[in-house]
file final-v7.json (JSON, C-alpha atoms)
[["chain", "number", "residue", "atom", "x", "y", "z"],
["A", 76, "MET", "CA", 196.08, 213.81, 12.67],
["A", 77, "LEU", "CA", 192.60, 212.30, 12.67],
["A", 78, "LEU", "CA", 191.53, 214.43, 15.65],
["A", 79, "ASN", "CA", 191.58, 217.41, 13.29],
["A", 80, "HIS", "CA", 188.21, 216.17, 12.03],
["A", 81, "VAL", "CA", 186.51, 216.93, 15.37],
["A", 82, "LEU", "CA", 185.95, 220.64, 14.71],
["A", 83, "GLY", "CA", 185.02, 220.01, 11.08],
["A", 84, "MET", "CA", 182.16, 217.73, 12.12],
["A", 85, "PHE", "CA", 180.50, 220.79, 13.68],
["A", 86, "THR", "CA", 181.53, 223.60, 11.33],
["A", 87, "HIS", "CA", 181.53, 222.10, 7.82],
["A", 88, "PRO", "CA", 180.55, 218.40, 7.90],
["A", 89, "ASP", "CA", 180.08, 218.07, 4.12],
["A", 90, "GLN", "CA", 183.68, 219.10, 3.43],
["A", 91, "GLU", "CA", 184.92, 216.97, 6.29],
["A", 92, "TRP", "CA", 183.16, 213.87, 4.96],
["A", 93, "SER", "CA", 184.81, 214.45, 1.59],
["A", 94, "HIS", "CA", 188.22, 214.61, 3.24],
["A", 95, "ILE", "CA", 187.48, 211.47, 5.25],
["A", 96, "LYS", "CA", 186.51, 209.51, 2.15],
["A", 97, "LYS", "CA", 189.73, 210.51, 0.39],
["A", 98, "GLU", "CA", 191.79, 209.45, 3.40],
["A", 99, "HIS", "CA", 190.33, 205.93, 3.49],
["A", 100, "LYS", "CA", 192.21, 205.22, 6.72],
["A", 101, "ASN", "CA", 192.77, 201.72, 8.04],
["A", 102, "PRO", "CA", 190.17, 200.83, 10.72],
["A", 103, "LEU", "CA", 192.90, 200.19, 13.29],
["A", 104, "LEU", "CA", 194.24, 203.70, 12.75],
["A", 105, "VAL", "CA", 190.77, 205.19, 13.14],
["A", 106, "TYR", "CA", 190.41, 203.25, 16.40],
["A", 107, "SER", "CA", 193.74, 204.20, 17.91],
["A", 108, "ALA", "CA", 193.84, 207.85, 16.84],
["A", 109, "TYR", "CA", 190.16, 208.78, 17.07],
["A", 110, "VAL", "CA", 187.74, 206.37, 18.73],
["A", 111, "GLY", "CA", 190.32, 205.15, 21.22],
["A", 112, "ILE", "CA", 191.02, 208.69, 22.41],
["A", 113, "LEU", "CA", 187.60, 210.34, 22.27],
["A", 114, "GLY", "CA", 185.97, 207.21, 23.68],
["A", 115, "LEU", "CA", 187.87, 207.77, 26.92],
["A", 116, "ILE", "CA", 186.02, 211.02, 27.66],
["A", 117, "SER", "CA", 182.78, 209.53, 28.97],
["A", 118, "PRO", "CA", 184.31, 206.78, 31.15],
["A", 119, "ILE", "CA", 186.87, 209.10, 32.71],
["A", 120, "CYS", "CA", 184.37, 211.89, 33.37],
["A", 121, "ALA", "CA", 181.83, 209.41, 34.72],
["A", 122, "TYR", "CA", 184.41, 207.89, 37.06],
["A", 123, "ILE", "CA", 185.44, 211.30, 38.41],
["A", 124, "SER", "CA", 181.90, 212.58, 38.88],
["A", 125, "THR", "CA", 180.39, 209.44, 40.43],
["A", 126, "THR", "CA", 183.26, 208.86, 42.86],
["A", 127, "GLN", "CA", 184.18, 212.44, 43.73],
["A", 128, "PHE", "CA", 181.16, 214.68, 43.18],
["A", 129, "GLY", "CA", 178.18, 212.35, 43.53],
["A", 130, "TRP", "CA", 174.60, 213.07, 42.54],
["A", 131, "GLN", "CA", 171.21, 213.42, 44.16],
["A", 132, "VAL", "CA", 167.63, 213.08, 43.04],
["A", 133, "GLY", "CA", 165.51, 216.02, 44.12],
["A", 134, "SER", "CA", 166.26, 216.90, 47.73],
["A", 135, "GLY", "CA", 167.47, 213.40, 48.54],
["A", 136, "GLN", "CA", 170.80, 212.36, 49.94],
["A", 137, "LEU", "CA", 174.00, 212.86, 47.95],
["A", 138, "ILE", "CA", 175.09, 209.52, 46.52],
["A", 139, "LYS", "CA", 178.50, 208.39, 45.30],
["A", 140, "LEU", "CA", 180.06, 205.20, 43.99],
["A", 141, "THR", "CA", 183.03, 203.59, 45.64],
["A", 142, "PRO", "CA", 186.16, 203.85, 43.45],
["A", 143, "GLU", "CA", 186.54, 200.07, 43.60],
["A", 144, "SER", "CA", 183.10, 199.40, 42.14],
["A", 145, "ALA", "CA", 183.20, 202.29, 39.64],
["A", 146, "LEU", "CA", 186.48, 201.29, 37.99],
["A", 147, "PRO", "CA", 185.38, 197.97, 36.42],
["A", 148, "LEU", "CA", 182.11, 199.58, 35.31],
["A", 149, "VAL", "CA", 183.83, 202.39, 33.40],
["A", 150, "VAL", "CA", 186.30, 199.95, 31.86],
["A", 151, "LEU", "CA", 183.42, 197.77, 30.64],
["A", 152, "THR", "CA", 181.67, 200.90, 29.34],
["A", 153, "TYR", "CA", 184.76, 201.81, 27.33],
["A", 154, "VAL", "CA", 185.00, 198.31, 25.89],
["A", 155, "ALA", "CA", 181.29, 198.38, 24.99],
["A", 156, "MET", "CA", 181.79, 201.66, 23.13],
["A", 157, "LEU", "CA", 184.68, 200.24, 21.11],
["A", 158, "VAL", "CA", 182.71, 197.10, 20.27],
["A", 159, "GLY", "CA", 179.67, 199.19, 19.35],
["A", 160, "VAL", "CA", 181.58, 201.39, 16.90],
["A", 161, "PHE", "CA", 183.17, 198.38, 15.25],
["A", 162, "GLY", "CA", 179.93, 196.39, 15.10],
["A", 163, "LEU", "CA", 177.89, 199.25, 13.67],
["A", 164, "GLY", "CA", 180.65, 200.11, 11.20],
["A", 165, "TRP", "CA", 180.80, 196.51, 10.00],
["A", 166, "ALA", "CA", 176.99, 196.41, 9.70],
["A", 167, "ILE", "CA", 176.96, 199.65, 7.68],
["A", 168, "ASP", "CA", 179.57, 198.32, 5.29],
["A", 169, "TRP", "CA", 177.76, 194.99, 4.94],
["A", 170, "MET", "CA", 174.30, 196.54, 4.43],
["A", 171, "GLY", "CA", 175.69, 199.17, 2.09],
["A", 172, "LYS", "CA", 175.85, 196.66, -0.74],
["A", 173, "ASN", "CA", 172.06, 196.53, -0.74],
["A", 174, "TYR", "CA", 171.78, 200.32, -0.99],
["A", 175, "GLY", "CA", 174.08, 200.90, -3.93],
["A", 176, "SER", "CA", 177.44, 201.18, -2.20],
["A", 177, "GLY", "CA", 180.57, 199.43, -3.38],
["A", 178, "HIS", "CA", 181.75, 196.80, -0.90],
["A", 179, "ASP", "CA", 184.79, 197.79, 1.15],
["A", 180, "ALA", "CA", 186.69, 194.65, 2.07],
["A", 181, "PHE", "CA", 188.41, 196.34, 5.00],
["A", 182, "PHE", "CA", 185.29, 197.97, 6.48],
["A", 183, "SER", "CA", 187.13, 201.30, 6.42],
["A", 184, "TYR", "CA", 184.22, 203.38, 5.15],
["A", 185, "GLY", "CA", 181.64, 201.91, 7.50],
["A", 186, "ILE", "CA", 183.81, 202.25, 10.59],
["A", 187, "ALA", "CA", 184.94, 205.75, 9.60],
["A", 188, "LEU", "CA", 181.32, 206.80, 9.08],
["A", 189, "THR", "CA", 180.35, 205.43, 12.48],
["A", 190, "ALA", "CA", 183.37, 206.80, 14.32],
["A", 191, "TYR", "CA", 183.13, 210.35, 13.01],
["A", 192, "SER", "CA", 179.34, 210.46, 13.25],
["A", 193, "CYS", "CA", 179.63, 209.60, 16.94],
["A", 194, "THR", "CA", 181.81, 212.65, 17.59],
["A", 195, "PRO", "CA", 178.97, 214.56, 19.33],
["A", 196, "LEU", "CA", 178.27, 211.57, 21.59],
["A", 197, "PHE", "CA", 181.94, 211.27, 22.49],
["A", 198, "LEU", "CA", 182.19, 214.96, 23.36],
["A", 199, "ALA", "CA", 178.92, 214.87, 25.29],
["A", 200, "GLY", "CA", 180.80, 212.79, 27.83],
["A", 201, "PHE", "CA", 182.18, 216.02, 29.31],
["A", 202, "ALA", "CA", 178.67, 216.73, 30.58],
["A", 203, "LEU", "CA", 179.05, 213.81, 32.98],
["A", 204, "LEU", "CA", 181.36, 215.97, 35.09],
["A", 205, "TYR", "CA", 178.13, 217.63, 36.23],
["A", 206, "PRO", "CA", 176.18, 214.54, 37.35],
["A", 207, "GLU", "CA", 172.69, 215.97, 37.12],
["A", 208, "PRO", "CA", 170.41, 213.30, 35.54],
["A", 209, "ILE", "CA", 168.10, 215.70, 33.68],
["A", 210, "PHE", "CA", 170.99, 217.80, 32.37],
["A", 211, "ASN", "CA", 172.92, 214.72, 31.23],
["A", 212, "THR", "CA", 169.84, 213.31, 29.51],
["A", 213, "LEU", "CA", 169.22, 216.53, 27.56],
["A", 214, "VAL", "CA", 172.86, 216.81, 26.50],
["A", 215, "PHE", "CA", 173.04, 213.22, 25.28],
["A", 216, "LEU", "CA", 169.69, 213.49, 23.48],
["A", 217, "ALA", "CA", 170.94, 216.56, 21.61],
["A", 218, "ALA", "CA", 174.22, 214.77, 20.83],
["A", 219, "ALA", "CA", 172.34, 211.70, 19.59],
["A", 220, "ALA", "CA", 170.18, 213.86, 17.33],
["A", 221, "TYR", "CA", 173.23, 215.53, 15.78],
["A", 222, "THR", "CA", 174.92, 212.15, 15.45],
["A", 223, "GLY", "CA", 171.92, 210.96, 13.43],
["A", 224, "TYR", "CA", 172.19, 214.04, 11.22],
["A", 225, "LEU", "CA", 175.90, 213.47, 10.62],
["A", 226, "MET", "CA", 175.22, 209.84, 9.73],
["A", 227, "PHE", "CA", 172.53, 210.86, 7.23],
["A", 228, "ASP", "CA", 174.73, 213.61, 5.82],
["A", 229, "GLY", "CA", 177.75, 211.36, 5.45],
["A", 230, "LEU", "CA", 176.11, 208.32, 3.85],
["A", 231, "PRO", "CA", 175.85, 209.74, 0.31],
["A", 232, "ILE", "CA", 179.36, 211.21, 0.47],
["A", 233, "VAL", "CA", 181.34, 208.43, 2.12],
["A", 234, "LEU", "CA", 179.50, 205.41, 0.72],
["A", 235, "GLY", "CA", 178.32, 206.98, -2.53],
["A", 236, "ILE", "CA", 174.67, 206.17, -1.83],
["A", 237, "GLU", "CA", 171.89, 208.18, -3.45],
["A", 238, "LYS", "CA", 170.20, 210.60, -1.07],
["A", 239, "GLU", "CA", 166.84, 208.92, -1.70],
["A", 240, "ARG", "CA", 168.29, 205.68, -0.37],
["A", 241, "ALA", "CA", 170.01, 207.33, 2.57],
["A", 242, "ILE", "CA", 166.73, 207.69, 4.50],
["A", 243, "PRO", "CA", 165.81, 203.97, 4.59],
["A", 244, "PHE", "CA", 169.47, 203.11, 5.14],
["A", 245, "CYS", "CA", 169.54, 205.39, 8.18],
["A", 246, "GLY", "CA", 166.46, 203.56, 9.44],
["A", 247, "ALA", "CA", 168.27, 200.25, 9.10],
["A", 248, "ILE", "CA", 171.32, 201.65, 10.88],
["A", 249, "LEU", "CA", 169.15, 202.98, 13.71],
["A", 250, "THR", "CA", 167.56, 199.55, 14.10],
["A", 251, "VAL", "CA", 170.97, 197.91, 14.45],
["A", 252, "ALA", "CA", 172.02, 200.57, 16.98],
["A", 253, "LEU", "CA", 168.87, 200.04, 19.05],
["A", 254, "VAL", "CA", 169.40, 196.29, 19.06],
["A", 255, "TYR", "CA", 172.94, 196.81, 20.32],
["A", 256, "LEU", "CA", 171.62, 199.20, 22.99],
["A", 257, "VAL", "CA", 169.21, 196.55, 24.22],
["A", 258, "VAL", "CA", 172.00, 193.96, 24.25],
["A", 259, "THR", "CA", 174.20, 196.24, 26.35],
["A", 260, "ARG", "CA", 171.34, 196.80, 28.82],
["A", 261, "VAL", "CA", 170.88, 193.07, 29.18],
["A", 262, "GLY", "CA", 174.64, 192.66, 29.45],
["A", 263, "THR", "CA", 174.69, 195.25, 32.23],
["A", 264, "VAL", "CA", 172.22, 193.22, 34.28],
["A", 265, "ILE", "CA", 174.29, 190.08, 33.74],
["A", 266, "VAL", "CA", 177.53, 191.82, 34.71],
["A", 267, "TRP", "CA", 175.95, 193.25, 37.84],
["A", 268, "SER", "CA", 174.68, 189.81, 38.84],
["A", 269, "MET", "CA", 178.23, 188.44, 38.49],
["A", 270, "GLY", "CA", 179.49, 190.61, 41.32],
["A", 271, "PHE", "CA", 180.26, 193.87, 39.51],
["A", 272, "ALA", "CA", 177.24, 195.76, 40.79],
["A", 273, "PRO", "CA", 177.87, 199.40, 41.80],
["A", 274, "GLN", "CA", 178.45, 200.03, 45.49],
["A", 275, "PHE", "CA", 176.78, 203.21, 46.71],
["A", 276, "VAL", "CA", 177.91, 205.37, 49.60],
["A", 277, "GLY", "CA", 176.51, 208.53, 51.11],
["A", 278, "GLY", "CA", 178.08, 211.85, 50.16]]

call {"tool": "encode", "arguments": {"input": "final-v7.json", "output": "structure tokens"}}
result
Amino acid sequence: MLLNHVLGMFTHPDQEWSHIKKEHKNPLLVYSAYVGILGLISPICAYISTTQFGWQVGSGQLIKLTPESALPLVVLTYVAMLVGVFGLGWAIDWMGKNYGSGHDAFFSYGIALTAYSCTPLFLAGFALLYPEPIFNTLVFLAAAAYTGYLMFDGLPIVLGIEKERAIPFCGAILTVALVYLVVTRVGTVIVWSMGFAPQFVGG
């Protein structure tokens, strides 16, 4: 099962990347058996914490979201994660041709690289059960840093790119990811203005 790769991404990533390249799984299988499952962690934990536990800034009032307003937001978050993994995977496969990688017509390598590299970010979603802004920020920053390392480590193995070219390629990937992040922020504002804004209640 693809979920067996989760532990390997933390204990022996080089060996795990080699196994992943040999598998060459169909993107739909990677989605359903890996991204589709692990991607649920953050939305579910965020829904539970924001509607049941709440959060507070400093010594301010405890704040919660109404279940009715939180549900569409977490669903949209889940969809955005799925779209992000696919989009970044497609971009990696497409850009890989310019960095010495053979083109993969089914985008399997690019999506696999993105999906497994994002393992720390997926698992960091458990931290949302403790809705403390500073704590969550630190956890996700650490997860993002390790995600970047996994991406850099996996590029030469999965796509067969020379290590010297992996650094500028990682820069290009980061640029695409940041653009998508900006797009999602803008999309959030648009969605909120369409009547899906969060509804806050006192704890």

call {"tool": "closest_residue", "arguments": {"input": "final-v7.json", "among": "A:Leu140, A:Leu148, A:Cys120, A:Ile95", "to": "A:Thr263", "atoms": "only C-alpha atoms"}}
result
A:Leu148

call {"tool": "closest_residue", "arguments": {"input": "final-v7.json", "among": "A:Ile112, A:Leu82, A:Leu216, A:Ile167", "to": "A:Ala241", "atoms": "all atoms listed in the file"}}
result
A:Ile167

call {"tool": "closest_residue", "arguments": {"input": "final-v7.json", "among": "A:Met170, A:Ile265, A:Leu157, A:Ile119", "to": "A:Val105", "atoms": "all atoms listed in the file"}}
result
A:Leu157

call {"tool": "atom_distance", "arguments": {"input": "final-v7.json", "atom1": "atom CA of A:Ile209", "atom2": "atom CA of A:Val150"}}
result
24.1 Å

call {"tool": "residues_around", "arguments": {"input": "final-v7.json", "residues": "A:Leu203", "least_positions_apart": "2", "cutoff": "7 Å", "atoms": "only C-alpha atoms", "output": "number ranges by chain"}}
result
A: 117, 120-121, 124, 200-201, 205-206, 211

call {"tool": "write_last_selection", "arguments": {"input": "final-v7.json", "atoms": "C-alpha atoms", "output": "PDB file, in the frame of the given file"}}
result
ATOM      1  CA  SER A 117     182.780 209.530  28.970  1.00  0.00           C
ATOM      2  CA  CYS A 120     184.370 211.890  33.370  1.00  0.00           C
ATOM      3  CA  ALA A 121     181.830 209.410  34.720  1.00  0.00           C
ATOM      4  CA  SER A 124     181.900 212.580  38.880  1.00  0.00           C
ATOM      5  CA  GLY A 200     180.800 212.790  27.830  1.00  0.00           C
ATOM      6  CA  PHE A 201     182.180 216.020  29.310  1.00  0.00           C
ATOM      7  CA  TYR A 205     178.130 217.630  36.230  1.00  0.00           C
ATOM      8  CA  PRO A 206     176.180 214.540  37.350  1.00  0.00           C
ATOM      9  CA  ASN A 211     172.920 214.720  31.230  1.00  0.00           C
TER      10      ASN A 211
END

call {"tool": "build_atoms", "arguments": {"input": "final-v7.json", "residues": "stretch 159-189 of chain A", "atoms": "N, CA and C atoms", "output": "PDB file, keeping the file's coordinate frame"}}
result
ATOM      1  N   GLY A 159     180.819 198.618  20.034  1.00  0.00           N
ATOM      2  CA  GLY A 159     179.670 199.190  19.350  1.00  0.00           C
ATOM      3  C   GLY A 159     180.054 199.901  18.062  1.00  0.00           C
ATOM      4  N   VAL A 160     181.141 200.677  18.100  1.00  0.00           N
ATOM      5  CA  VAL A 160     181.580 201.390  16.900  1.00  0.00           C
ATOM      6  C   VAL A 160     182.003 200.396  15.823  1.00  0.00           C
ATOM      7  N   PHE A 161     182.744 199.368  16.227  1.00  0.00           N
ATOM      8  CA  PHE A 161     183.170 198.380  15.250  1.00  0.00           C
ATOM      9  C   PHE A 161     181.988 197.618  14.668  1.00  0.00           C
ATOM     10  N   GLY A 162     181.086 197.165  15.557  1.00  0.00           N
ATOM     11  CA  GLY A 162     179.930 196.390  15.100  1.00  0.00           C
ATOM     12  C   GLY A 162     179.031 197.170  14.165  1.00  0.00           C
ATOM     13  N   LEU A 163     178.761 198.430  14.519  1.00  0.00           N
ATOM     14  CA  LEU A 163     177.890 199.250  13.670  1.00  0.00           C
ATOM     15  C   LEU A 163     178.597 199.581  12.356  1.00  0.00           C
ATOM     16  N   GLY A 164     179.902 199.831  12.420  1.00  0.00           N
ATOM     17  CA  GLY A 164     180.650 200.110  11.200  1.00  0.00           C
ATOM     18  C   GLY A 164     180.651 198.911  10.257  1.00  0.00           C
ATOM     19  N   TRP A 165     180.828 197.726  10.820  1.00  0.00           N
ATOM     20  CA  TRP A 165     180.800 196.510  10.000  1.00  0.00           C
ATOM     21  C   TRP A 165     179.417 196.323   9.386  1.00  0.00           C
ATOM     22  N   ALA A 166     178.362 196.566  10.194  1.00  0.00           N
ATOM     23  CA  ALA A 166     176.990 196.410   9.700  1.00  0.00           C
ATOM     24  C   ALA A 166     176.697 197.402   8.576  1.00  0.00           C
ATOM     25  N   ILE A 167     177.179 198.632   8.714  1.00  0.00           N
ATOM     26  CA  ILE A 167     176.960 199.650   7.680  1.00  0.00           C
ATOM     27  C   ILE A 167     177.631 199.217   6.378  1.00  0.00           C
ATOM     28  N   ASP A 168     178.859 198.748   6.487  1.00  0.00           N
ATOM     29  CA  ASP A 168     179.570 198.320   5.290  1.00  0.00           C
ATOM     30  C   ASP A 168     178.877 197.120   4.634  1.00  0.00           C
ATOM     31  N   TRP A 169     178.413 196.196   5.464  1.00  0.00           N
ATOM     32  CA  TRP A 169     177.760 194.990   4.940  1.00  0.00           C
ATOM     33  C   TRP A 169     176.412 195.329   4.300  1.00  0.00           C
ATOM     34  N   MET A 170     175.617 196.173   4.973  1.00  0.00           N
ATOM     35  CA  MET A 170     174.300 196.540   4.430  1.00  0.00           C
ATOM     36  C   MET A 170     174.418 197.477   3.243  1.00  0.00           C
ATOM     37  N   GLY A 171     175.531 198.200   3.155  1.00  0.00           N
ATOM     38  CA  GLY A 171     175.690 199.170   2.090  1.00  0.00           C
ATOM     39  C   GLY A 171     175.581 198.573   0.705  1.00  0.00           C
ATOM     40  N   LYS A 172     175.930 197.306   0.572  1.00  0.00           N
ATOM     41  CA  LYS A 172     175.850 196.660  -0.740  1.00  0.00           C
ATOM     42  C   LYS A 172     174.417 196.631  -1.260  1.00  0.00           C
ATOM     43  N   ASN A 173     173.469 196.566  -0.346  1.00  0.00           N
ATOM     44  CA  ASN A 173     172.060 196.530  -0.740  1.00  0.00           C
ATOM     45  C   ASN A 173     171.485 197.910  -1.042  1.00  0.00           C
ATOM     46  N   TYR A 174     172.262 198.947  -0.764  1.00  0.00           N
ATOM     47  CA  TYR A 174     171.780 200.320  -0.990  1.00  0.00           C
ATOM     48  C   TYR A 174     172.609 201.039  -2.037  1.00  0.00           C
ATOM     49  N   GLY A 175     173.351 200.287  -2.822  1.00  0.00           N
ATOM     50  CA  GLY A 175     174.080 200.900  -3.930  1.00  0.00           C
ATOM     51  C   GLY A 175     175.497 201.298  -3.637  1.00  0.00           C
ATOM     52  N   SER A 176     176.062 200.832  -2.520  1.00  0.00           N
ATOM     53  CA  SER A 176     177.440 201.180  -2.200  1.00  0.00           C
ATOM     54  C   SER A 176     178.372 200.053  -2.653  1.00  0.00           C
ATOM     55  N   GLY A 177     179.572 200.426  -3.061  1.00  0.00           N
ATOM     56  CA  GLY A 177     180.570 199.430  -3.380  1.00  0.00           C
ATOM     57  C   GLY A 177     181.080 198.796  -2.104  1.00  0.00           C
ATOM     58  N   HIS A 178     181.329 197.493  -2.118  1.00  0.00           N
ATOM     59  CA  HIS A 178     181.750 196.800  -0.900  1.00  0.00           C
ATOM     60  C   HIS A 178     183.198 197.134  -0.569  1.00  0.00           C
ATOM     61  N   ASP A 179     183.447 197.478   0.682  1.00  0.00           N
ATOM     62  CA  ASP A 179     184.790 197.790   1.150  1.00  0.00           C
ATOM     63  C   ASP A 179     185.285 196.607   1.971  1.00  0.00           C
ATOM     64  N   ALA A 180     186.247 195.894   1.432  1.00  0.00           N
ATOM     65  CA  ALA A 180     186.690 194.650   2.070  1.00  0.00           C
ATOM     66  C   ALA A 180     187.309 194.873   3.446  1.00  0.00           C
ATOM     67  N   PHE A 181     187.763 196.091   3.731  1.00  0.00           N
ATOM     68  CA  PHE A 181     188.410 196.340   5.000  1.00  0.00           C
ATOM     69  C   PHE A 181     187.512 197.119   5.971  1.00  0.00           C
ATOM     70  N   PHE A 182     186.264 197.298   5.617  1.00  0.00           N
ATOM     71  CA  PHE A 182     185.290 197.970   6.480  1.00  0.00           C
ATOM     72  C   PHE A 182     185.700 199.398   6.842  1.00  0.00           C
ATOM     73  N   SER A 183     186.624 199.982   6.074  1.00  0.00           N
ATOM     74  CA  SER A 183     187.130 201.300   6.420  1.00  0.00           C
ATOM     75  C   SER A 183     186.054 202.369   6.359  1.00  0.00           C
ATOM     76  N   TYR A 184     185.239 202.347   5.311  1.00  0.00           N
ATOM     77  CA  TYR A 184     184.220 203.380   5.150  1.00  0.00           C
ATOM     78  C   TYR A 184     183.156 203.280   6.233  1.00  0.00           C
ATOM     79  N   GLY A 185     182.681 202.077   6.497  1.00  0.00           N
ATOM     80  CA  GLY A 185     181.640 201.910   7.500  1.00  0.00           C
ATOM     81  C   GLY A 185     182.097 202.316   8.886  1.00  0.00           C
ATOM     82  N   ILE A 186     183.294 201.900   9.267  1.00  0.00           N
ATOM     83  CA  ILE A 186     183.810 202.250  10.590  1.00  0.00           C
ATOM     84  C   ILE A 186     184.118 203.741  10.669  1.00  0.00           C
ATOM     85  N   ALA A 187     184.671 204.309   9.599  1.00  0.00           N
ATOM     86  CA  ALA A 187     184.940 205.750   9.600  1.00  0.00           C
ATOM     87  C   ALA A 187     183.645 206.536   9.733  1.00  0.00           C
ATOM     88  N   LEU A 188     182.605 206.113   9.008  1.00  0.00           N
ATOM     89  CA  LEU A 188     181.320 206.800   9.080  1.00  0.00           C
ATOM     90  C   LEU A 188     180.763 206.746  10.498  1.00  0.00           C
ATOM     91  N   THR A 189     180.845 205.578  11.116  1.00  0.00           N
ATOM     92  CA  THR A 189     180.350 205.430  12.480  1.00  0.00           C
ATOM     93  C   THR A 189     181.174 206.242  13.469  1.00  0.00           C
TER      94      THR A 189
END
